[in-house]
Each structure stands twice: as structure tokens, then as C-alpha cells.
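Novice: Sharing target.cif here; it has mmCIF, C-alpha atoms; chains and numbers go by the auth columns.
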```cif
data_upload
loop_
_atom_site.group_PDB
_atom_site.id
_atom_site.type_symbol
_atom_site.label_atom_id
_atom_site.label_comp_id
_atom_site.label_asym_id
_atom_site.label_seq_id
_atom_site.Cartn_x
_atom_site.Cartn_y
_atom_site.Cartn_z
_atom_site.B_iso_or_equiv
_atom_site.auth_seq_id
_atom_site.auth_asym_id
ATOM 1 C CA MET A 1 53.640 9.007 26.516 0.00 1 A
ATOM 2 C CA LYS A 2 54.071 6.922 23.379 0.00 2 A
ATOM 3 C CA VAL A 3 50.977 4.836 24.231 0.00 3 A
ATOM 4 C CA THR A 4 48.920 7.980 24.751 0.00 4 A
ATOM 5 C CA PHE A 5 50.063 9.408 21.427 0.00 5 A
ATOM 6 C CA ASN A 6 49.200 6.150 19.627 0.00 6 A
ATOM 7 C CA LEU A 7 45.812 6.027 21.334 0.00 7 A
ATOM 8 C CA VAL A 8 45.015 9.644 20.376 0.00 8 A
ATOM 9 C CA LEU A 9 46.166 8.976 16.818 0.00 9 A
ATOM 10 C CA PHE A 10 43.984 5.859 16.634 0.00 10 A
ATOM 11 C CA PHE A 11 40.881 7.739 17.834 0.00 11 A
ATOM 12 C CA LEU A 12 41.576 10.631 15.476 0.00 12 A
ATOM 13 C CA ILE A 13 41.882 8.315 12.468 0.00 13 A
ATOM 14 C CA THR A 14 38.751 6.434 13.523 0.00 14 A
ATOM 15 C CA LEU A 15 36.825 9.677 13.931 0.00 15 A
ATOM 16 C CA VAL A 16 37.883 10.962 10.498 0.00 16 A
ATOM 17 C CA TRP A 17 37.101 7.617 8.869 0.00 17 A
ATOM 18 C CA CYS A 18 33.608 7.495 10.450 0.00 18 A
ATOM 19 C CA GLN A 19 32.836 11.041 9.349 0.00 19 A
ATOM 20 C CA GLU A 20 33.921 10.288 5.809 0.00 20 A
ATOM 21 C CA ASP A 21 31.596 7.270 5.563 0.00 21 A
ATOM 22 C CA THR A 22 28.567 9.079 6.981 0.00 22 A
ATOM 23 C CA THR A 23 28.858 11.840 4.397 0.00 23 A
ATOM 24 C CA LYS A 24 28.524 9.241 1.625 0.00 24 A
ATOM 25 C CA ILE A 25 25.317 7.742 3.043 0.00 25 A
ATOM 26 C CA TYR A 26 22.125 9.788 2.983 0.00 26 A
ATOM 27 C CA ILE A 27 19.662 8.137 5.334 0.00 27 A
ATOM 28 C CA PHE A 28 16.615 9.939 3.964 0.00 28 A
ATOM 29 C CA SER A 29 17.232 9.100 0.310 0.00 29 A
ATOM 30 C CA THR A 30 14.297 7.869 -1.740 0.00 30 A
ATOM 31 C CA GLU A 31 15.761 4.376 -1.941 0.00 31 A
ATOM 32 C CA ASN A 32 16.260 4.151 1.820 0.00 32 A
ATOM 33 C CA ARG A 33 12.781 5.502 2.537 0.00 33 A
ATOM 34 C CA LEU A 34 11.304 2.960 0.146 0.00 34 A
ATOM 35 C CA ARG A 35 13.317 0.148 1.724 0.00 35 A
ATOM 36 C CA PHE A 36 12.249 1.216 5.203 0.00 36 A
ATOM 37 C CA GLY A 37 8.621 1.616 4.103 0.00 37 A
ATOM 38 C CA ASN A 38 8.651 -1.900 2.649 0.00 38 A
ATOM 39 C CA HIS A 39 10.069 -3.224 5.899 0.00 39 A
ATOM 40 C CA LEU A 40 7.330 -1.511 7.915 0.00 40 A
ATOM 41 C CA TYR A 41 4.701 -2.743 5.443 0.00 41 A
ATOM 42 C CA SER A 42 5.854 -6.349 5.788 0.00 42 A
ATOM 43 C CA ASP A 43 5.785 -5.995 9.585 0.00 43 A
ATOM 44 C CA GLY A 44 2.209 -4.710 9.475 0.00 44 A
ATOM 45 C CA ASP A 45 3.076 -1.204 10.657 0.00 45 A
ATOM 46 C CA TYR A 46 0.819 0.402 8.075 0.00 46 A
ATOM 47 C CA LEU A 47 0.696 3.903 9.552 0.00 47 A
ATOM 48 C CA ARG A 48 4.449 4.430 9.463 0.00 48 A
ATOM 49 C CA ALA A 49 4.773 2.648 6.110 0.00 49 A
ATOM 50 C CA TYR A 50 2.088 4.990 4.752 0.00 50 A
ATOM 51 C CA ARG A 51 4.103 8.010 5.879 0.00 51 A
ATOM 52 C CA GLU A 52 7.278 6.692 4.254 0.00 52 A
ATOM 53 C CA TYR A 53 5.425 5.956 1.013 0.00 53 A
ATOM 54 C CA GLN A 54 3.997 9.485 1.015 0.00 54 A
ATOM 55 C CA GLU A 55 7.519 10.892 1.160 0.00 55 A
ATOM 56 C CA VAL A 56 8.656 8.635 -1.668 0.00 56 A
ATOM 57 C CA LEU A 57 5.699 9.689 -3.825 0.00 57 A
ATOM 58 C CA ARG A 58 6.519 13.344 -3.270 0.00 58 A
ATOM 59 C CA LEU A 59 9.754 12.762 -5.191 0.00 59 A
ATOM 60 C CA THR A 60 8.891 9.986 -7.648 0.00 60 A
ATOM 61 C CA ASN A 61 5.906 8.499 -9.438 0.00 61 A
ATOM 62 C CA ASN A 62 5.788 4.782 -8.728 0.00 62 A
ATOM 63 C CA ASP A 63 2.741 2.535 -9.186 0.00 63 A
ATOM 64 C CA SER A 64 3.880 -0.128 -6.739 0.00 64 A
ATOM 65 C CA VAL A 65 4.338 2.506 -4.033 0.00 65 A
ATOM 66 C CA ARG A 66 0.911 3.994 -4.827 0.00 66 A
ATOM 67 C CA PHE A 67 -0.635 0.543 -4.579 0.00 67 A
ATOM 68 C CA LYS A 68 1.051 -0.218 -1.253 0.00 68 A
ATOM 69 C CA LEU A 69 0.081 3.205 0.095 0.00 69 A
ATOM 70 C CA SER A 70 -3.539 2.420 -0.788 0.00 70 A
ATOM 71 C CA VAL A 71 -3.339 -0.971 0.931 0.00 71 A
ATOM 72 C CA CYS A 72 -1.969 0.777 4.019 0.00 72 A
ATOM 73 C CA LEU A 73 -4.967 3.099 4.045 0.00 73 A
ATOM 74 C CA SER A 74 -7.291 0.135 3.657 0.00 74 A
ATOM 75 C CA GLN A 75 -5.637 -1.749 6.507 0.00 75 A
ATOM 76 C CA MET A 76 -5.976 1.319 8.736 0.00 76 A
ATOM 77 C CA GLY A 77 -9.720 1.483 8.030 0.00 77 A
ATOM 78 C CA ARG A 78 -9.509 4.687 5.980 0.00 78 A
ATOM 79 C CA TYR A 79 -11.655 3.197 3.225 0.00 79 A
ATOM 80 C CA ASN A 80 -12.692 6.372 1.360 0.00 80 A
ATOM 81 C CA GLU A 81 -9.092 7.515 1.002 0.00 81 A
ATOM 82 C CA ALA A 82 -8.007 4.012 0.022 0.00 82 A
ATOM 83 C CA ALA A 83 -10.675 3.813 -2.696 0.00 83 A
ATOM 84 C CA ASP A 84 -9.582 7.161 -4.134 0.00 84 A
ATOM 85 C CA ASN A 85 -5.940 6.102 -4.120 0.00 85 A
ATOM 86 C CA PHE A 86 -6.652 2.742 -5.756 0.00 86 A
ATOM 87 C CA LYS A 87 -8.243 4.634 -8.650 0.00 87 A
ATOM 88 C CA THR A 88 -4.875 6.243 -9.405 0.00 88 A
ATOM 89 C CA VAL A 89 -3.500 2.798 -10.310 0.00 89 A
ATOM 90 C CA PHE A 90 -6.431 1.696 -12.494 0.00 90 A
ATOM 91 C CA PHE A 91 -5.035 2.428 -15.942 0.00 91 A
ATOM 92 C CA ASN A 92 -1.727 1.642 -17.666 0.00 92 A
ATOM 93 C CA SER A 93 -0.267 -0.038 -14.608 0.00 93 A
ATOM 94 C CA PRO A 94 0.960 -3.559 -13.952 0.00 94 A
ATOM 95 C CA TYR A 95 -1.163 -3.435 -10.772 0.00 95 A
ATOM 96 C CA GLU A 96 -4.370 -2.475 -12.574 0.00 96 A
ATOM 97 C CA ASP A 97 -6.334 -5.666 -11.871 0.00 97 A
ATOM 98 C CA GLU A 98 -5.192 -5.905 -8.274 0.00 98 A
ATOM 99 C CA ALA A 99 -6.030 -2.244 -7.677 0.00 99 A
ATOM 100 C CA LYS A 100 -9.532 -2.756 -9.066 0.00 100 A
ATOM 101 C CA TRP A 101 -10.046 -5.830 -6.890 0.00 101 A
ATOM 102 C CA GLU A 102 -8.842 -3.970 -3.797 0.00 102 A
ATOM 103 C CA PHE A 103 -11.106 -1.058 -4.768 0.00 103 A
ATOM 104 C CA TYR A 104 -14.118 -3.381 -4.701 0.00 104 A
ATOM 105 C CA LYS A 105 -13.060 -4.912 -1.398 0.00 105 A
ATOM 106 C CA VAL A 106 -12.711 -1.477 0.184 0.00 106 A
ATOM 107 C CA ASN A 107 -16.112 -0.385 -1.100 0.00 107 A
ATOM 108 C CA TYR A 108 -17.615 -3.587 0.263 0.00 108 A
ATOM 109 C CA LEU A 109 -16.023 -2.957 3.662 0.00 109 A
ATOM 110 C CA MET A 110 -17.594 0.520 3.795 0.00 110 A
ATOM 111 C CA GLY A 111 -20.899 -1.241 4.446 0.00 111 A
ATOM 112 C CA ASP A 112 -23.141 0.607 1.962 0.00 112 A
ATOM 113 C CA TYR A 113 -24.202 -2.530 0.107 0.00 113 A
ATOM 114 C CA THR A 114 -26.712 -0.841 -2.206 0.00 114 A
ATOM 115 C CA GLN A 115 -24.023 1.522 -3.439 0.00 115 A
ATOM 116 C CA PHE A 116 -21.611 -1.405 -3.695 0.00 116 A
ATOM 117 C CA ARG A 117 -23.983 -3.352 -5.954 0.00 117 A
ATOM 118 C CA ASP A 118 -24.428 -0.250 -8.129 0.00 118 A
ATOM 119 C CA LEU A 119 -20.662 -0.014 -8.373 0.00 119 A
ATOM 120 C CA CYS A 120 -20.513 -3.644 -9.500 0.00 120 A
ATOM 121 C CA GLU A 121 -22.547 -2.674 -12.555 0.00 121 A
ATOM 122 C CA GLN A 122 -20.045 -0.041 -13.729 0.00 122 A
ATOM 123 C CA PRO A 123 -17.740 -1.559 -16.366 0.00 123 A
ATOM 124 C CA MET A 124 -15.027 1.093 -15.956 0.00 124 A
ATOM 125 C CA TYR A 125 -13.950 -0.267 -12.572 0.00 125 A
ATOM 126 C CA PHE A 126 -14.459 -3.929 -13.374 0.00 126 A
ATOM 127 C CA SER A 127 -11.581 -6.408 -13.462 0.00 127 A
ATOM 128 C CA GLU A 128 -11.946 -9.490 -15.624 0.00 128 A
ATOM 129 C CA LYS A 129 -9.221 -11.240 -13.640 0.00 129 A
ATOM 130 C CA TYR A 130 -11.207 -10.966 -10.401 0.00 130 A
ATOM 131 C CA LYS A 131 -14.683 -11.145 -11.912 0.00 131 A
ATOM 132 C CA ARG A 132 -15.695 -14.188 -9.881 0.00 132 A
ATOM 133 C CA ASN A 133 -14.474 -12.689 -6.600 0.00 133 A
ATOM 134 C CA ILE A 134 -16.345 -9.450 -7.239 0.00 134 A
ATOM 135 C CA PHE A 135 -19.478 -11.428 -8.025 0.00 135 A
ATOM 136 C CA LYS A 136 -19.116 -13.301 -4.720 0.00 136 A
ATOM 137 C CA LEU A 137 -18.828 -10.031 -2.797 0.00 137 A
ATOM 138 C CA LYS A 138 -21.947 -8.806 -4.555 0.00 138 A
ATOM 139 C CA ASN A 139 -23.811 -11.945 -3.414 0.00 139 A
ATOM 140 C CA TYR A 140 -22.499 -11.516 0.137 0.00 140 A
ATOM 141 C CA SER A 141 -23.910 -8.005 0.125 0.00 141 A
ATOM 142 C CA LEU A 142 -27.309 -9.451 -0.759 0.00 142 A
ATOM 143 C CA LEU A 143 -27.126 -11.727 2.278 0.00 143 A
ATOM 144 C CA TYR A 144 -26.401 -8.820 4.618 0.00 144 A
ATOM 145 C CA GLU A 145 -29.577 -7.082 3.515 0.00 145 A
ATOM 146 C CA ASN A 146 -31.687 -10.278 3.544 0.00 146 A
ATOM 147 C CA ILE A 147 -32.320 -10.120 -0.184 0.00 147 A
ATOM 148 C CA TYR A 148 -33.163 -13.464 -1.756 0.00 148 A
ATOM 149 C CA LEU A 149 -30.480 -14.901 -4.040 0.00 149 A
ATOM 150 C CA THR A 150 -31.921 -15.971 -7.378 0.00 150 A
ATOM 151 C CA ASP A 151 -29.434 -18.759 -8.057 0.00 151 A
ATOM 152 C CA SER A 152 -27.366 -20.243 -5.264 0.00 152 A
ATOM 153 C CA THR A 153 -25.090 -22.201 -7.631 0.00 153 A
ATOM 154 C CA ASP A 154 -23.290 -18.982 -8.553 0.00 154 A
ATOM 155 C CA PHE A 155 -22.764 -18.266 -4.897 0.00 155 A
#
```
Is it possible to give me this structure as C-alpha cells?

Specialist:
Amino acid sequence: MKVTFNLVLFFLITLVWCQEDTTKIYIFSTENRLRFGNHLYSDGDYLRAYREYQEVLRLTNNDSVRFKLSVCLSQMGRYNEAADNFKTVFFNSPYEDEAKWEFYKVNYLMGDYTQFRDLCEQPMYFSEKYKRNIFKLKNYSLLYENIYLTDSTDF
């Protein structure tokens, strides 16, 4: 009888203690969603990371999350959406140059090389940090359309 009472008391205390701890932890908090989204992102699960980042952005405005969400879209092949989302990080952001570079890469991957070269001439989207890389993509686009390169040393 005494063993049964002690066993029941032990389980009751354990049950109360577990319930108390779970009320303190909110699994779907912004911080936990961001942590989980970053984990999915690093594992290459871009679809689920994208969904977690969307939920985080509903509650907060965060440039790093916007940038990662755009990369997720790019990795999933949703280039138009990715390009639009990269534009939201273009100005007054620590990720400005990287967002512009990714924007050019996404537009290159869309396969409309004439439009891509026109885009390369627009100074608003241009990144000085990645100027050489953008110029290389522009030259690659010329090769895909069998257009003669004027100077191969720049290539």
C-alpha cells in the first residue's frame, strides 16, 4: 500500500511539474519559428523554411529573414517571386549588395537574356560590390545567344 501511494505521488508530482514547464514554453513563438526556419534552411529544406519565414515576417520586419525567404524562392525555382522579394531588401539594408547580386542571378536564371542585358544597364539595381560578377553573367548571356563578344579579356 505504501509503495503504491509513493508511486502515485511520484507520478502526480511529475505530471504537475511537466505541465508547469510546458506552459512556460511557446513552441510557435517568433524566435522558435526563426530558429526552426534557419535549421530547415541550412538542411536545404527550402519549402518548409520558406513557410516558417513567412510566419515570422507576418509578425516582424527583418531584413535577414526577407533575404533568406527570397533565397528559398530562388532555390525552389520560383524566380519571379524571388526577384520581387529581393527588391524589398535593396535599400537601407545590410544585405543590400547581396540582394542585388542574387536579383541578377535570378533574372539570369529566368533565361530571357535580352531582358537580362537590359536590366544590367539600369543603375538602380546595380551593385558595385558585385560589378565584376554581374558583368560576367552579362557576357555568359551573350554566349547563349551566339552573340560575338567584343573583348574576350573582360570575360

Novice: Return the single residue from A:Gln122, A:Asn107, A:Asn80, A:Asn85 that is closest to Arg66 of chain A, with distances computed using only C-alpha atoms.

Specialist: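 Ranked by minimum distance to Arg66 of chain A, first place goes to A:Asn85.
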
Novice: Which residue is closest to Ala83 of chain A? Choose from A:Glu31, A:Glu96, A:Glu55, A:Glu102 and count all atoms listed in the file.

Specialist: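 Among the listed residues, the smallest separation from Ala83 of chain A belongs to A:Glu102.
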
Novice: Can you turn the PyMOL selection byres ((chain A and resi 131-147) around 8) into a concrete residue list for this file, as a list in words?

Specialist: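 What the PyMOL selection byres ((chain A and resi 131-147) around 8) grabs from the file is Trp101, Tyr104, Lys105, Tyr108, Tyr113, Phe116, Arg117, Cys120, Phe126, Ser127, Glu128, Lys129, Tyr130, Tyr148, Leu149 and Phe155 of chain A.
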
Novice: What does the structure give for the distance between atom CA of Gly37 of chain A and atom CA of Asn92 of chain A, in Å to one decimal?

Specialist: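 One can read the atom CA of Gly37 of chain A to atom CA of Asn92 of chain A distance as 24.1 Å.
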
Novice: For a quick check of understanding, using all atoms listed in the file, which of A:Glu98, A:Met110, A:Met124, A:Arg33 has the smallest distance to Thr60 of chain A?

Specialist: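 Nearest candidate to Thr60 of chain A out of A:Glu98, A:Met110, A:Met124, A:Arg33: A:Arg33.
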
Novice: What does the distance from atom CA of Leu47 of chain A to atom CA of Gln75 of chain A come to in Å, to one decimal?

Specialist: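 Distance between the two atoms: 9.0 Å.
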
Novice: Written as a PyMOL selection string, which residues does the PyMOL selection byres ((chain A and resi 73) around 12) give for the file shown?

Specialist: chain A and resi 41+44-51+53-54+66-72+74-86+102-103+106

Novice: Between atom CA of His39 of chain A and atom CA of Val89 of chain A, what is the distance in Å, rounded to a tenth?

Specialist: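 Taking atom CA of His39 of chain A as the start and atom CA of Val89 of chain A as the end point, the length is 22.0 Å.
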
Novice: Once you add 5 Å to each side, what are the centre and edge lengths of the axis-aligned box holding all listed atoms of segment 32-42 of chain A? One decimal in Å, as lines of an AutoDock Vina configuration file, if you can.

Specialist:
```
center_x = 10.5
center_y = -0.4
center_z = 4.0
size_x = 21.6
size_y = 21.9
size_z = 17.8
```

Novice: For segment 25-47 of chain A in the structure I just supplied, write out N, CA and C atoms - as a compact mmCIF listing (two decimals), in the first residue's frame.

Specialist:
```
# COMPACT_ATOMS: atom_id res chain seq x y z
N ILE A 25 6.82 27.45 -22.12
CA ILE A 25 7.44 27.38 -23.45
C ILE A 25 6.35 27.45 -24.50
N TYR A 26 6.46 28.42 -25.40
CA TYR A 26 5.52 28.54 -26.51
C TYR A 26 6.24 28.11 -27.78
N ILE A 27 5.87 26.97 -28.29
CA ILE A 27 6.58 26.37 -29.42
C ILE A 27 6.51 27.24 -30.66
N PHE A 28 5.40 27.91 -30.88
CA PHE A 28 5.22 28.69 -32.09
C PHE A 28 5.58 30.16 -31.91
N SER A 29 6.48 30.46 -31.01
CA SER A 29 6.92 31.84 -30.83
C SER A 29 7.75 32.25 -32.05
N THR A 30 7.89 33.53 -32.23
CA THR A 30 8.66 34.05 -33.37
C THR A 30 10.10 33.55 -33.32
N GLU A 31 10.69 33.55 -32.14
CA GLU A 31 12.08 33.11 -32.00
C GLU A 31 12.23 31.63 -32.37
N ASN A 32 11.29 30.81 -31.91
CA ASN A 32 11.36 29.38 -32.23
C ASN A 32 11.11 29.12 -33.71
N ARG A 33 10.18 29.84 -34.29
CA ARG A 33 9.93 29.69 -35.73
C ARG A 33 11.16 30.08 -36.54
N LEU A 34 11.80 31.17 -36.12
CA LEU A 34 13.00 31.62 -36.82
C LEU A 34 14.12 30.59 -36.66
N ARG A 35 14.29 30.07 -35.47
CA ARG A 35 15.31 29.05 -35.22
C ARG A 35 15.05 27.81 -36.07
N PHE A 36 13.79 27.39 -36.11
CA PHE A 36 13.44 26.21 -36.89
C PHE A 36 13.60 26.48 -38.39
N GLY A 37 13.20 27.66 -38.83
CA GLY A 37 13.37 28.04 -40.23
C GLY A 37 14.84 28.04 -40.63
N ASN A 38 15.70 28.55 -39.76
CA ASN A 38 17.14 28.55 -40.04
C ASN A 38 17.70 27.14 -40.11
N HIS A 39 17.18 26.28 -39.27
CA HIS A 39 17.60 24.87 -39.30
C HIS A 39 17.20 24.22 -40.63
N LEU A 40 15.96 24.44 -41.04
CA LEU A 40 15.49 23.89 -42.31
C LEU A 40 16.28 24.46 -43.49
N TYR A 41 16.56 25.76 -43.42
CA TYR A 41 17.33 26.44 -44.47
C TYR A 41 18.72 25.81 -44.60
N SER A 42 19.38 25.59 -43.47
CA SER A 42 20.72 25.01 -43.52
C SER A 42 20.71 23.57 -43.98
N ASP A 43 19.58 22.87 -43.80
CA ASP A 43 19.45 21.50 -44.29
C ASP A 43 19.02 21.44 -45.75
N GLY A 44 18.70 22.58 -46.34
CA GLY A 44 18.29 22.60 -47.74
C GLY A 44 16.81 22.32 -47.94
N ASP A 45 16.03 22.35 -46.89
CA ASP A 45 14.58 22.16 -47.00
C ASP A 45 13.95 23.54 -47.19
N TYR A 46 14.06 24.06 -48.40
CA TYR A 46 13.70 25.44 -48.68
C TYR A 46 12.20 25.70 -48.63
N LEU A 47 11.39 24.72 -48.99
CA LEU A 47 9.94 24.91 -48.96
C LEU A 47 9.45 25.13 -47.53
```
